[in-house]
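start.cif follows; it contains mmCIF, C-alpha atoms.
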data_data
#
loop_
_atom_site.group_PDB
_atom_site.id
_atom_site.type_symbol
_atom_site.label_atom_id
_atom_site.label_comp_id
_atom_site.auth_asym_id
_atom_site.auth_seq_id
_atom_site.Cartn_x
_atom_site.Cartn_y
_atom_site.Cartn_z
ATOM 1 C CA MET A 268 7.172 29.611 1.309
ATOM 2 C CA VAL A 269 7.863 27.190 -1.526
ATOM 3 C CA LYS A 270 4.643 25.698 -2.917
ATOM 4 C CA ALA A 271 4.027 21.963 -3.386
ATOM 5 C CA ASN A 272 1.022 19.818 -4.309
ATOM 6 C CA SER A 273 0.021 16.371 -3.084
ATOM 7 C CA PHE A 274 -1.992 13.734 -4.944
ATOM 8 C CA LEU A 275 -3.113 10.978 -2.595
ATOM 9 C CA PRO A 276 -6.032 8.480 -2.617
ATOM 10 C CA SER A 277 -8.684 9.188 -0.004
ATOM 11 C CA VAL A 278 -7.484 6.619 2.554
ATOM 12 C CA GLU A 279 -3.824 7.655 2.312
ATOM 13 C CA ASN A 280 -4.905 11.293 2.223
ATOM 14 C CA ASP A 281 -6.646 10.933 5.587
ATOM 15 C CA LYS A 282 -3.667 9.180 7.168
ATOM 16 C CA LEU A 283 -0.648 10.675 5.459
ATOM 17 C CA PHE A 284 -1.486 14.203 4.402
ATOM 18 C CA PRO A 285 -1.384 15.783 7.909
ATOM 19 C CA LEU A 286 2.044 14.194 8.497
ATOM 20 C CA LEU A 287 3.360 15.259 5.089
ATOM 21 C CA TYR A 288 1.986 18.762 5.616
ATOM 22 C CA ASP A 289 3.815 19.138 8.944
ATOM 23 C CA ALA A 290 7.019 17.614 7.533
ATOM 24 C CA CYS A 291 6.911 20.103 4.635
ATOM 25 C CA LYS A 292 6.124 23.035 6.920
ATOM 26 C CA GLU A 293 9.255 22.249 8.950
ATOM 27 C CA VAL A 294 11.427 22.844 5.878
ATOM 28 C CA GLY A 295 9.565 25.866 4.530
ATOM 29 C CA ILE A 296 7.285 24.139 2.029
ATOM 30 C CA ASP A 297 3.561 24.835 1.817
ATOM 31 C CA LEU A 298 1.928 21.533 0.807
ATOM 32 C CA GLN A 299 -1.587 21.726 -0.618
ATOM 33 C CA PRO A 300 -3.866 18.732 -1.299
ATOM 34 C CA ASN A 301 -5.170 18.139 -4.818
ATOM 35 C CA LYS A 302 -8.115 16.112 -6.049
ATOM 36 C CA LEU A 303 -7.368 13.164 -8.300
ATOM 37 C CA SER A 304 -9.725 14.343 -11.031
ATOM 38 C CA ASN A 305 -7.761 15.749 -13.981
ATOM 39 C CA TYR A 306 -4.634 14.251 -12.419
ATOM 40 C CA ARG A 307 -2.369 14.633 -15.441
ATOM 41 C CA GLU A 308 -3.377 18.226 -16.096
ATOM 42 C CA ASN A 309 -2.996 19.256 -12.440
ATOM 43 C CA TYR A 310 0.309 17.409 -12.143
ATOM 44 C CA ARG A 311 1.718 19.353 -15.082
ATOM 45 C CA LYS A 312 0.646 22.642 -13.482
ATOM 46 C CA ALA A 313 2.630 21.896 -10.306
ATOM 47 C CA GLN A 314 6.370 22.385 -9.769
ATOM 48 C CA ASN A 315 6.859 20.277 -6.637
ATOM 49 C CA VAL A 316 4.752 17.159 -6.143
ATOM 50 C CA ILE A 317 4.176 14.386 -3.618
ATOM 51 C CA THR A 318 2.162 11.658 -5.310
ATOM 52 C CA TRP A 319 0.909 8.161 -4.670
ATOM 53 C CA GLY A 320 1.522 5.713 -7.514
ATOM 54 C CA TYR A 321 -1.075 5.715 -10.271
ATOM 55 C CA LYS A 322 -1.565 3.591 -13.375
ATOM 56 C CA ILE A 323 0.576 5.865 -15.534
ATOM 57 C CA PRO A 324 3.843 4.807 -17.216
ATOM 58 C CA THR A 325 6.972 6.217 -15.609
ATOM 59 C CA GLU A 326 7.993 7.517 -19.040
ATOM 60 C CA TRP A 327 5.082 9.977 -18.782
ATOM 61 C CA TYR A 328 6.478 11.350 -15.520
ATOM 62 C CA ASN A 329 9.909 11.668 -17.110
ATOM 63 C CA THR A 330 8.486 13.521 -20.128
ATOM 64 C CA ASN A 331 6.477 15.841 -17.881
ATOM 65 C CA TYR A 332 9.247 16.188 -15.295
ATOM 66 C CA ARG A 333 8.378 17.787 -11.979
ATOM 67 C CA ASN A 334 10.225 17.608 -8.678
ATOM 68 C CA THR A 335 8.376 14.533 -7.415
ATOM 69 C CA LEU A 336 8.406 12.451 -4.251
ATOM 70 C CA TYR A 337 6.838 9.067 -5.010
ATOM 71 C CA LEU A 338 4.842 7.149 -2.394
ATOM 72 C CA GLU A 339 3.522 3.607 -2.759
ATOM 73 C CA ASN A 340 2.558 0.516 -0.798
ATOM 74 C CA GLY A 341 5.584 -1.150 0.758
ATOM 75 C CA LEU A 342 7.327 -4.071 -0.970
ATOM 76 C CA PHE A 343 6.799 -5.999 2.260
ATOM 77 C CA CYS A 344 4.381 -5.348 5.117
ATOM 78 C CA GLN A 345 2.243 -3.507 2.536
ATOM 79 C CA ARG A 346 -0.508 -2.557 4.961
ATOM 80 C CA GLY A 347 1.901 -1.542 7.707
ATOM 81 C CA GLN A 348 4.526 0.365 5.704
ATOM 82 C CA PHE A 349 4.717 2.694 2.721
ATOM 83 C CA TRP A 350 7.360 3.260 0.057
ATOM 84 C CA ILE A 351 9.123 6.614 -0.331
ATOM 85 C CA ASP A 352 11.420 7.438 -3.269
ATOM 86 C CA SER A 353 12.802 10.696 -4.665
ATOM 87 C CA ARG A 354 13.342 9.325 -8.175
ATOM 88 C CA GLY A 355 10.581 6.965 -9.306
ATOM 89 C CA LYS A 356 8.735 3.748 -8.596
ATOM 90 C CA PHE A 357 9.287 0.022 -9.150
ATOM 91 C CA SER A 358 12.062 -0.579 -11.709
ATOM 92 C CA PHE A 359 12.457 3.195 -12.094
ATOM 93 C CA SER A 360 12.979 3.726 -8.361
ATOM 94 C CA LYS A 361 16.172 5.236 -6.982
ATOM 95 C CA LEU A 362 16.887 1.879 -5.338
ATOM 96 C CA CYS A 363 16.922 0.201 -8.758
ATOM 97 C CA GLU A 364 18.256 2.990 -10.984
ATOM 98 C CA CYS A 365 21.168 3.721 -8.633
ATOM 99 C CA GLN A 366 21.685 0.031 -7.805
ATOM 100 C CA GLU A 367 21.368 0.639 -4.082
ATOM 101 C CA TYR A 368 20.727 -3.091 -3.692
ATOM 102 C CA PHE A 369 24.491 -3.620 -3.966
ATOM 103 C CA ASP A 370 25.189 -1.492 -0.857
ATOM 104 C CA THR A 371 26.249 -3.631 2.095
ATOM 105 C CA VAL A 372 23.554 -4.183 4.684
ATOM 106 C CA SER A 373 24.355 -2.763 8.141
ATOM 107 C CA VAL A 374 24.392 -4.721 11.397
ATOM 108 C CA ASP A 375 21.271 -2.883 12.627
ATOM 109 C CA GLU A 376 19.451 -3.571 9.346
ATOM 110 C CA MET A 377 20.438 -7.226 9.568
ATOM 111 C CA ALA A 378 18.883 -7.447 13.037
ATOM 112 C CA ARG A 379 15.673 -5.822 11.762
ATOM 113 C CA ILE A 380 15.511 -8.246 8.831
ATOM 114 C CA HIS A 381 15.775 -11.217 11.215
ATOM 115 C CA GLN A 382 13.075 -9.694 13.441
ATOM 116 C CA LEU A 383 10.777 -9.020 10.490
ATOM 117 C CA ALA A 384 11.076 -12.613 9.286
ATOM 118 C CA HIS A 385 10.005 -13.835 12.706
ATOM 119 C CA ASP A 386 7.284 -11.261 13.451
ATOM 120 C CA ARG A 387 5.735 -10.857 10.003
ATOM 121 C CA PHE A 388 6.073 -14.285 8.418
ATOM 122 C CA LYS A 389 6.460 -16.553 11.450
ATOM 123 C CA TRP A 390 9.609 -18.174 10.093
ATOM 124 C CA ASN A 391 13.335 -17.817 10.658
ATOM 125 C CA LEU A 392 15.373 -15.971 8.052
ATOM 126 C CA PHE A 393 16.267 -18.302 5.138
ATOM 127 C CA GLU A 394 14.442 -21.151 6.838
ATOM 128 C CA GLY A 395 13.406 -22.615 3.498
ATOM 129 C CA TYR A 396 16.851 -22.559 1.889
ATOM 130 C CA ASP A 397 17.255 -26.350 2.043
ATOM 131 C CA ASN A 398 13.606 -26.941 1.301
ATOM 132 C CA SER A 399 13.165 -30.225 -0.558
ATOM 133 C CA CYS A 400 9.421 -29.749 -1.100
ATOM 134 C CA GLU A 401 8.242 -30.273 -4.656
ATOM 135 C CA PRO A 402 5.607 -27.664 -5.544
ATOM 136 C CA TYR A 403 6.267 -24.157 -6.757
ATOM 137 C CA MET A 404 3.754 -21.420 -6.087
ATOM 138 C CA PHE A 405 2.535 -19.023 -8.765
ATOM 139 C CA ALA A 406 1.153 -15.817 -7.252
ATOM 140 C CA LEU A 407 -1.496 -14.162 -9.412
ATOM 141 C CA GLN A 408 -1.832 -10.381 -9.616
ATOM 142 C CA ARG A 409 -4.560 -8.022 -10.706
ATOM 143 C CA GLY A 410 -4.024 -7.306 -14.376
ATOM 144 C CA ILE A 411 -5.052 -3.673 -13.969
ATOM 145 C CA ASP A 412 -2.507 -2.975 -11.232
ATOM 146 C CA ALA A 413 0.319 -0.728 -12.405
ATOM 147 C CA PRO A 414 3.262 -3.111 -11.679
ATOM 148 C CA ALA A 415 1.702 -6.040 -13.545
ATOM 149 C CA ARG A 416 0.511 -3.934 -16.474
ATOM 150 C CA LEU A 417 3.315 -1.407 -16.901
ATOM 151 C CA ASP A 418 6.383 -3.354 -15.754
ATOM 152 C CA PHE A 419 5.691 -6.589 -17.622
ATOM 153 C CA PRO A 420 7.436 -6.213 -21.030
ATOM 154 C CA LEU A 421 6.331 -9.696 -22.151
ATOM 155 C CA ARG A 422 2.647 -8.854 -21.637
ATOM 156 C CA ASN A 423 0.466 -9.750 -24.608
ATOM 157 C CA LYS A 424 -2.476 -7.317 -24.913
ATOM 158 C CA LYS A 425 -4.721 -10.018 -26.309
ATOM 159 C CA LEU A 426 -3.880 -12.557 -23.582
ATOM 160 C CA LYS A 427 -3.709 -9.819 -20.903
ATOM 161 C CA THR A 428 -1.551 -10.040 -17.797
ATOM 162 C CA ASN A 429 -2.233 -13.404 -16.165
ATOM 163 C CA GLY A 430 -3.046 -15.037 -19.508
ATOM 164 C CA THR A 431 0.420 -14.102 -20.746
ATOM 165 C CA ALA A 432 2.004 -15.496 -17.581
ATOM 166 C CA LEU A 433 0.070 -18.747 -18.020
ATOM 167 C CA GLU A 434 1.269 -19.006 -21.615
ATOM 168 C CA ILE A 435 4.901 -18.519 -20.529
ATOM 169 C CA ILE A 436 4.616 -21.156 -17.809
ATOM 170 C CA SER A 437 2.955 -23.645 -20.166
ATOM 171 C CA GLU A 438 5.764 -23.216 -22.671
ATOM 172 C CA HIS A 439 8.862 -22.825 -20.494
ATOM 173 C CA PHE A 440 8.270 -24.176 -16.984
ATOM 174 C CA PRO A 441 9.513 -27.736 -16.286
ATOM 175 C CA ASP A 442 6.980 -30.494 -15.660
ATOM 176 C CA LEU A 443 6.899 -29.846 -11.916
ATOM 177 C CA PRO A 444 3.994 -29.313 -9.487
ATOM 178 C CA ILE A 445 2.573 -25.777 -9.301
ATOM 179 C CA ILE A 446 0.213 -24.354 -6.709
ATOM 180 C CA TRP A 447 -1.791 -21.504 -8.237
ATOM 181 C CA ARG A 448 -2.444 -18.823 -5.645
ATOM 182 C CA GLY A 449 -5.218 -16.284 -6.232
ATOM 183 C CA HIS A 450 -5.075 -12.648 -5.185
ATOM 184 C CA PRO A 451 -5.798 -12.391 -1.429
ATOM 185 C CA ARG A 452 -8.302 -9.522 -1.783
ATOM 186 C CA PHE A 453 -9.669 -9.987 -5.298
ATOM 187 C CA PRO A 454 -11.025 -13.526 -5.874
ATOM 188 C CA ASP A 455 -12.166 -12.612 -9.396
ATOM 189 C CA VAL A 456 -8.526 -12.682 -10.540
ATOM 190 C CA LEU A 457 -8.388 -16.484 -10.238
ATOM 191 C CA LYS A 458 -12.005 -16.887 -11.353
ATOM 192 C CA ASN A 459 -11.357 -14.982 -14.588
ATOM 193 C CA LEU A 460 -8.270 -17.053 -15.361
ATOM 194 C CA MET A 461 -9.950 -20.428 -14.789
ATOM 195 C CA PRO A 462 -11.229 -20.946 -18.382
ATOM 196 C CA HIS A 463 -7.675 -20.427 -19.696
ATOM 197 C CA LEU A 464 -6.175 -22.474 -16.860
ATOM 198 C CA LYS A 465 -8.405 -25.473 -17.640
ATOM 199 C CA LYS A 466 -7.248 -25.556 -21.277
ATOM 200 C CA CYS A 467 -3.625 -26.221 -20.324
ATOM 201 C CA TRP A 468 -4.157 -27.874 -16.942
ATOM 202 C CA ARG A 469 -1.540 -30.384 -15.822
ATOM 203 C CA SER A 470 -2.213 -33.228 -13.427
ATOM 204 C CA ASN A 471 0.455 -31.956 -11.012
ATOM 205 C CA TRP A 472 -1.096 -28.479 -10.714
ATOM 206 C CA SER A 473 -3.383 -27.448 -7.855
ATOM 207 C CA ILE A 474 -5.125 -24.351 -6.524
ATOM 208 C CA ASP A 475 -4.506 -22.887 -3.089
ATOM 209 C CA THR A 476 -7.469 -21.212 -1.421
ATOM 210 C CA SER A 477 -6.099 -21.229 2.125
ATOM 211 C CA LYS A 478 -6.169 -18.032 4.164
ATOM 212 C CA ASP A 479 -2.488 -18.095 5.122
ATOM 213 C CA CYS A 480 -0.329 -17.653 2.034
ATOM 214 C CA TYR A 481 2.895 -17.659 4.066
ATOM 215 C CA LYS A 482 2.083 -21.037 5.598
ATOM 216 C CA THR A 483 1.580 -22.521 2.111
ATOM 217 C CA LEU A 484 4.721 -20.831 0.811
ATOM 218 C CA LYS A 485 6.765 -22.356 3.606
ATOM 219 C CA ASN A 486 6.011 -25.766 2.081
ATOM 220 C CA CYS A 487 6.983 -24.740 -1.451
ATOM 221 C CA ARG A 488 10.221 -25.204 -3.366
ATOM 222 C CA GLY A 489 10.035 -21.751 -4.940
ATOM 223 C CA LEU A 490 7.853 -18.884 -6.155
ATOM 224 C CA ILE A 491 6.977 -17.683 -9.650
ATOM 225 C CA THR A 492 5.315 -14.322 -10.150
ATOM 226 C CA ILE A 493 5.227 -11.374 -12.504
ATOM 227 C CA ASN A 494 6.362 -8.815 -9.920
ATOM 228 C CA SER A 495 4.103 -9.307 -6.916
ATOM 229 C CA THR A 496 5.275 -7.883 -3.596
ATOM 230 C CA LEU A 497 5.330 -11.548 -2.544
ATOM 231 C CA ALA A 498 8.572 -11.807 -4.549
ATOM 232 C CA THR A 499 10.369 -9.565 -2.056
ATOM 233 C CA GLU A 500 8.660 -11.197 0.919
ATOM 234 C CA THR A 501 9.640 -14.698 -0.251
ATOM 235 C CA LEU A 502 13.299 -13.679 -0.207
ATOM 236 C CA PHE A 503 13.075 -13.692 3.607
ATOM 237 C CA LEU A 504 12.415 -17.436 3.335
ATOM 238 C CA GLY A 505 15.422 -17.987 1.078
ATOM 239 C CA ILE A 506 13.759 -20.160 -1.573
ATOM 240 C CA PRO A 507 14.200 -19.409 -5.313
ATOM 241 C CA VAL A 508 12.004 -16.715 -6.852
ATOM 242 C CA ALA A 509 11.443 -16.415 -10.618
ATOM 243 C CA THR A 510 10.074 -13.084 -11.874
ATOM 244 C CA LEU A 511 8.477 -12.513 -15.279
ATOM 245 C CA GLY A 512 8.308 -8.733 -14.867
ATOM 246 C CA ARG A 513 10.459 -5.913 -13.549
ATOM 247 C CA SER A 514 10.444 -4.169 -10.178
ATOM 248 C CA ALA A 515 12.844 -2.713 -7.617
ATOM 249 C CA PHE A 516 14.766 -6.013 -7.658
ATOM 250 C CA THR A 517 15.628 -5.773 -11.384
ATOM 251 C CA GLY A 518 19.376 -6.107 -11.878
ATOM 252 C CA SER A 519 20.062 -7.244 -8.308
ATOM 253 C CA ASN A 520 20.212 -10.965 -9.201
ATOM 254 C CA VAL A 521 18.192 -11.888 -6.124
ATOM 255 C CA THR A 522 15.528 -13.431 -8.383
ATOM 256 C CA LEU A 523 15.716 -15.448 -11.595
ATOM 257 C CA GLU A 524 14.833 -12.541 -13.896
ATOM 258 C CA CYS A 525 12.904 -13.663 -16.974
ATOM 259 C CA HIS A 526 11.440 -10.335 -18.128
ATOM 260 C CA ASP A 527 13.822 -10.201 -21.095
ATOM 261 C CA ASP A 528 13.884 -13.916 -21.930
ATOM 262 C CA PRO A 529 11.054 -16.217 -20.759
ATOM 263 C CA SER A 530 13.072 -19.339 -21.635
ATOM 264 C CA LYS A 531 15.183 -18.644 -18.525
ATOM 265 C CA LEU A 532 12.259 -20.013 -16.524
ATOM 266 C CA SER A 533 13.279 -23.518 -17.575
ATOM 267 C CA LYS A 534 16.438 -23.102 -15.458
ATOM 268 C CA ILE A 535 14.576 -22.478 -12.195
ATOM 269 C CA THR A 536 15.671 -25.747 -10.590
ATOM 270 C CA LYS A 537 19.308 -24.700 -11.042
ATOM 271 C CA PHE A 538 18.852 -21.199 -9.650
ATOM 272 C CA VAL A 539 20.456 -20.869 -6.197
ATOM 273 C CA PRO A 540 19.604 -17.683 -4.236
ATOM 274 C CA ASP A 541 22.638 -15.762 -2.978
ATOM 275 C CA GLN A 542 21.947 -14.926 0.671
ATOM 276 C CA ASP A 543 24.422 -12.026 0.834
ATOM 277 C CA ARG A 544 22.805 -10.388 -2.205
ATOM 278 C CA ILE A 545 19.368 -10.915 -0.690
ATOM 279 C CA LEU A 546 20.393 -9.296 2.595
ATOM 280 C CA ASN A 547 21.793 -6.268 0.739
ATOM 281 C CA TYR A 548 18.593 -5.975 -1.310
ATOM 282 C CA LEU A 549 16.308 -6.270 1.744
ATOM 283 C CA GLY A 550 18.403 -3.666 3.558
ATOM 284 C CA ALA A 551 18.016 -1.301 0.595
ATOM 285 C CA VAL A 552 14.241 -1.848 0.557
ATOM 286 C CA MET A 553 14.037 -1.107 4.269
ATOM 287 C CA ARG A 554 15.766 2.236 3.671
ATOM 288 C CA HIS A 555 12.911 3.189 1.340
ATOM 289 C CA GLN A 556 10.062 2.212 3.659
ATOM 290 C CA LEU A 557 8.423 3.893 6.610
ATOM 291 C CA PRO A 558 5.815 2.464 9.010
ATOM 292 C CA THR A 559 2.291 3.833 8.623
ATOM 293 C CA THR A 560 2.631 4.758 12.313
ATOM 294 C CA SER A 561 5.430 7.233 11.482
ATOM 295 C CA THR A 562 5.412 10.785 12.800
ATOM 296 C CA HIS A 563 5.959 13.873 10.658
ATOM 297 C CA LYS A 564 9.455 13.967 12.173
ATOM 298 C CA ASP A 565 10.176 10.472 10.827
ATOM 299 C CA ILE A 566 9.195 11.687 7.363
ATOM 300 C CA SER A 567 11.100 14.989 7.495
ATOM 301 C CA GLU A 568 14.255 13.156 8.623
ATOM 302 C CA HIS A 569 14.014 10.508 5.915
ATOM 303 C CA ARG A 570 16.757 10.713 3.284
ATOM 304 C CA GLU A 571 14.362 10.575 0.293
ATOM 305 C CA PHE A 572 12.163 13.365 1.666
ATOM 306 C CA GLN A 573 15.215 15.520 2.325
ATOM 307 C CA ILE A 574 16.485 15.034 -1.244
ATOM 308 C CA TRP A 575 13.079 16.087 -2.602
ATOM 309 C CA ALA A 576 12.832 19.078 -0.235
ATOM 310 C CA GLN A 577 16.312 20.280 -1.168
ATOM 311 C CA ARG A 578 15.422 20.175 -4.869
ATOM 312 C CA ALA A 579 12.312 22.261 -4.165
ATOM 313 C CA LYS A 580 14.347 25.203 -2.884
#

Take the structure in the file and write it out as C-alpha cells.
Amino acid sequence: MVKANSFLPSVENDKLFPLLYDACKEVGIDLQPNKLSNYRENYRKAQNVITWGYKIPTEWYNTNYRNTLYLENGLFCQRGQFWIDSRGKFSFSKLCECQEYFDTVSVDEMARIHQLAHDRFKWNLFEGYDNSCEPYMFALQRGIDAPARLDFPLRNKKLKTNGTALEIISEHFPDLPIIWRGHPRFPDVLKNLMPHLKKCWRSNWSIDTSKDCYKTLKNCRGLITINSTLATETLFLGIPVATLGRSAFTGSNVTLECHDDPSKLSKITKFVPDQDRILNYLGAVMRHQLPTTSTHKDISEHREFQIWAQRAK
C-alpha cells in the first residue's frame, strides 16, 4: 500500500483520523498518525501528507513540496464544518488560485445557500442589502492566528495585527460609526487593544459585548475585518465587506479588497456587493467544505480527496 502521514491537533485527531484512515484504506493508502512535535522535520520526511493548518507560511510548504491535502476550520459554520483543499489554504487554496469563485453556482447549491442563511444566521439571504443602518462593525482577530498574521501584507511588526488594523482605520476610514467586536472566544484580544483604541477613540465608536454577533451584524451597514471567517459569513447578509488581508475570497471582488492599498477603505460607502458574484463564491466555498458529521465515504468521494489520492499513486 502507498504510505501517507497525518498531522492533526488532538481534537481533530480524535474525530477525523478514523474517518480519514478508512477513506485512505478504500483507495489503497495506509495513513499513519504523526505527533505534532518536530512538525517541520517529520513533514519533510513524508511523501504524502494530510495536515491541519498550522502557523507556517504557505511558501514553506511550496519550498518543501509534498503531496498534501490541507484541512482547516470552515469559512462558515466553523464548528460544524471543515475545509478540504488539495492545493493550499486561504489565499493559496485551490479555490483562490484556480479562481473557482467564478464558476456558476448550481441550483442545488443555491438552495443550500438559502437554507444555510436561514438555519445558521436566522436571516434571509441578502436580507441586509438595503440596510440603511449607520454603524459598521470591525471584527477583531487573534494576532497569532495564521490568517491574520501570515495573510495580512500590511501588518506592521511593531504595531502587530490589530494595532495595524486600527492604524489603517484611523487614517483611511470615513468619519462614520464603528462597532468594535471582540473575538468570541478570546476576550483578551479586545482587552489588549484597548490602550491603543483609547488613544484614537472617536465619539461615534462603540464596543459590542453582546453574545449574538449575527444579531448585531444584522443592524450594521457593513463589516470591516482583516480576513476573519465572519467576512464570508457576512456575505450571506448581502451588506458590504471590506477586507484588509487576503483569504479565499481574494480576487473574487465579493469584498472591497484593501490588502494592497489601504486607501481603498475610504471608498467603502460606494462599494456595492454583486449578488451574483457572492452566490458563485459561496457555492465554491461549499464545494470545499464537509460537515464534521461526515462519514469516511463522504470524504473518499470528495473531489479534493480524490485529487490528492490520485497524486499519491

**OP:** Would you mind telling me which residue in A:Gly449, A:Cys291, A:Thr330, A:Arg409 lies nearest to A:Lys564 when using only C-alpha atoms?
**Re:** A:Cys291

Original post:
What residues come out when you apply the PyMOL selection byres ((chain A and resi 344-360) around 9) to this file, written as a VMD selection string?
Top reply: chain A and resid 320 325 328 334 to 343 361 to 365 387 414 418 496 500 513 to 517 552 554 to 560 569 to 575

Subject >> Residue neighbourhood A:Gly430, 9 Å, all atoms listed in the file, exclusion window fewer than 5 positions, as a list in words >> reply: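 Result of the neighbour search: Arg422, Asn423, Lys425, Ile435, Leu460, His463 and Leu464 of chain A.
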
Original post:
How far is it from atom CA of A:Ile535 to atom CA of A:Gly518, in Å with one decimal?
Top reply: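 Taking atom CA of A:Ile535 and atom CA of A:Gly518, their separation equals 17.1 Å.
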
**OP:** Could you jot down the atom CA of A:Leu426 to atom CA of A:Trp319 separation for me, Å, one decimal place?
**Re:**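 Rounded to one decimal, the two atoms are 28.5 Å apart.
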
Subject >> A:Arg416, A:Lys312, A:His381, A:Lys389 ranked by distance to A:Asn331, top pick (using all atoms listed in the file) >> reply: A:Lys312

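Take atom CA of A:Lys485 and atom CA of A:Phe503: the distance between them is 10.7 Å.
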
**OP:** Tell me which residues the PyMOL selection byres ((chain A and resi 436-443) around 8) grabs here, as a PyMOL selection string.
**Re:** chain A and resi 401-403+432-435+444-445+467+471+529-533

**OP:** Enumerate, as a list in words, the residues matched when the PyMOL selection byres ((chain A and resi 510) around 7) is run on the file above.
**Re:** Ile491, Thr492, Ile493, Asn494, Val508, Ala509, Leu511, Gly512, Thr522, Leu523, Glu524, Cys525 and His526 of chain A

Original post:
Leaving out A:Ile506 and any residue of its chain fewer than 5 positions from it, which residues lie within 6 Å of it when counting all atoms listed in the file, given as a list in words?
Top reply: Gly395, Tyr396 and Gly489 of chain A

Original post:
Which residue, A:Met461, A:Leu490, A:Ile317, A:Leu502, has the smallest gap to A:Leu392 when you use all atoms listed in the file?
Top reply: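 With all atoms listed in the file as the atom set, the closest residue is A:Leu502.
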
Subject >> Nearest candidate to A:Arg578 (options A:Ile296, A:Leu504, A:Ala290, A:Leu383; using only C-alpha atoms) >> reply: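 Of all the options, A:Ile296 lies closest to A:Arg578.
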
Subject >> Counting all atoms listed in the file, the residue of A:Arg311, A:Thr483, A:Ser473, A:Val316 that sits nearest A:Phe388 >> reply: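 Using all atoms listed in the file, the shortest distance to A:Phe388 belongs to A:Thr483.
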
Original post:
Counting all atoms listed in the file, what is within 12 Å of A:Lys282, bar same-chain residues fewer than 3 positions away, as a VMD selection string?
Top reply: chain A and resid 275 to 279 285 to 288 349 558 to 563

Subject >> Spatial neighbours of A:Ile323, max dist 8 Å, all atoms listed in the file, sep filter under 2 positions, as a ChimeraX atom specification >> reply: /A:321,325,327,413,417

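Restricting the calculation to all atoms listed in the file, the smallest distance between A:Phe419 and any of A:Gly295, A:Gly550, A:Pro540, A:Pro324 is found for A:Pro324.
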
Subject >> Protein/DNA/RNA residues near (20.1, -5.4, -1.0), cut 10 Å, only C-alpha atoms, as a list in words >> reply: Leu362, Gln366, Glu367, Tyr368, Phe369, Asp370, Thr371, Val372, Phe516, Ser519, Asn520, Val521, Gln542, Asp543, Arg544, Ile545, Leu546, Asn547, Tyr548, Leu549, Gly550, Ala551, Val552, Met553 and Arg554 of chain A

Give me stretch 365-377 of chain A from this structure - N, CA and C atoms, as an mmCIF file, in the first residue's frame.
data_model
loop_
_atom_site.group_PDB
_atom_site.id
_atom_site.type_symbol
_atom_site.label_atom_id
_atom_site.label_comp_id
_atom_site.auth_asym_id
_atom_site.auth_seq_id
_atom_site.Cartn_x
_atom_site.Cartn_y
_atom_site.Cartn_z
ATOM 1 N N CYS A 365 -7.126 28.858 -8.462
ATOM 2 C CA CYS A 365 -7.751 28.464 -9.733
ATOM 3 C C CYS A 365 -9.016 29.278 -10.029
ATOM 4 N N GLN A 366 -9.265 30.279 -9.199
ATOM 5 C CA GLN A 366 -10.410 31.180 -9.385
ATOM 6 C C GLN A 366 -11.737 30.425 -9.527
ATOM 7 N N GLU A 367 -11.914 29.438 -8.665
ATOM 8 C CA GLU A 367 -13.150 28.659 -8.700
ATOM 9 C C GLU A 367 -14.353 29.499 -8.313
ATOM 10 N N TYR A 368 -14.104 30.664 -7.684
ATOM 11 C CA TYR A 368 -15.208 31.526 -7.279
ATOM 12 C C TYR A 368 -15.918 32.179 -8.464
ATOM 13 N N PHE A 369 -15.383 31.986 -9.678
ATOM 14 C CA PHE A 369 -16.069 32.494 -10.863
ATOM 15 C C PHE A 369 -16.969 31.430 -11.513
ATOM 16 N N ASP A 370 -16.893 30.189 -11.015
ATOM 17 C CA ASP A 370 -17.755 29.122 -11.549
ATOM 18 C C ASP A 370 -19.198 29.384 -11.125
ATOM 19 N N THR A 371 -20.117 29.169 -12.029
ATOM 20 C CA THR A 371 -21.531 29.459 -11.754
ATOM 21 C C THR A 371 -22.112 28.510 -10.717
ATOM 22 N N VAL A 372 -22.764 29.077 -9.740
ATOM 23 C CA VAL A 372 -23.383 28.279 -8.681
ATOM 24 C C VAL A 372 -24.515 27.440 -9.268
ATOM 25 N N SER A 373 -24.675 26.214 -8.775
ATOM 26 C CA SER A 373 -25.737 25.328 -9.279
ATOM 27 C C SER A 373 -27.055 25.614 -8.557
ATOM 28 N N VAL A 374 -28.126 25.069 -9.097
ATOM 29 C CA VAL A 374 -29.453 25.249 -8.486
ATOM 30 C C VAL A 374 -29.481 24.620 -7.095
ATOM 31 N N ASP A 375 -28.910 23.415 -6.967
ATOM 32 C CA ASP A 375 -28.875 22.737 -5.660
ATOM 33 C C ASP A 375 -28.057 23.539 -4.647
ATOM 34 N N GLU A 376 -26.915 24.071 -5.092
ATOM 35 C CA GLU A 376 -26.076 24.876 -4.196
ATOM 36 C C GLU A 376 -26.809 26.144 -3.767
ATOM 37 N N MET A 377 -27.536 26.730 -4.703
ATOM 38 C CA MET A 377 -28.314 27.932 -4.392
ATOM 39 C C MET A 377 -29.336 27.643 -3.284
#
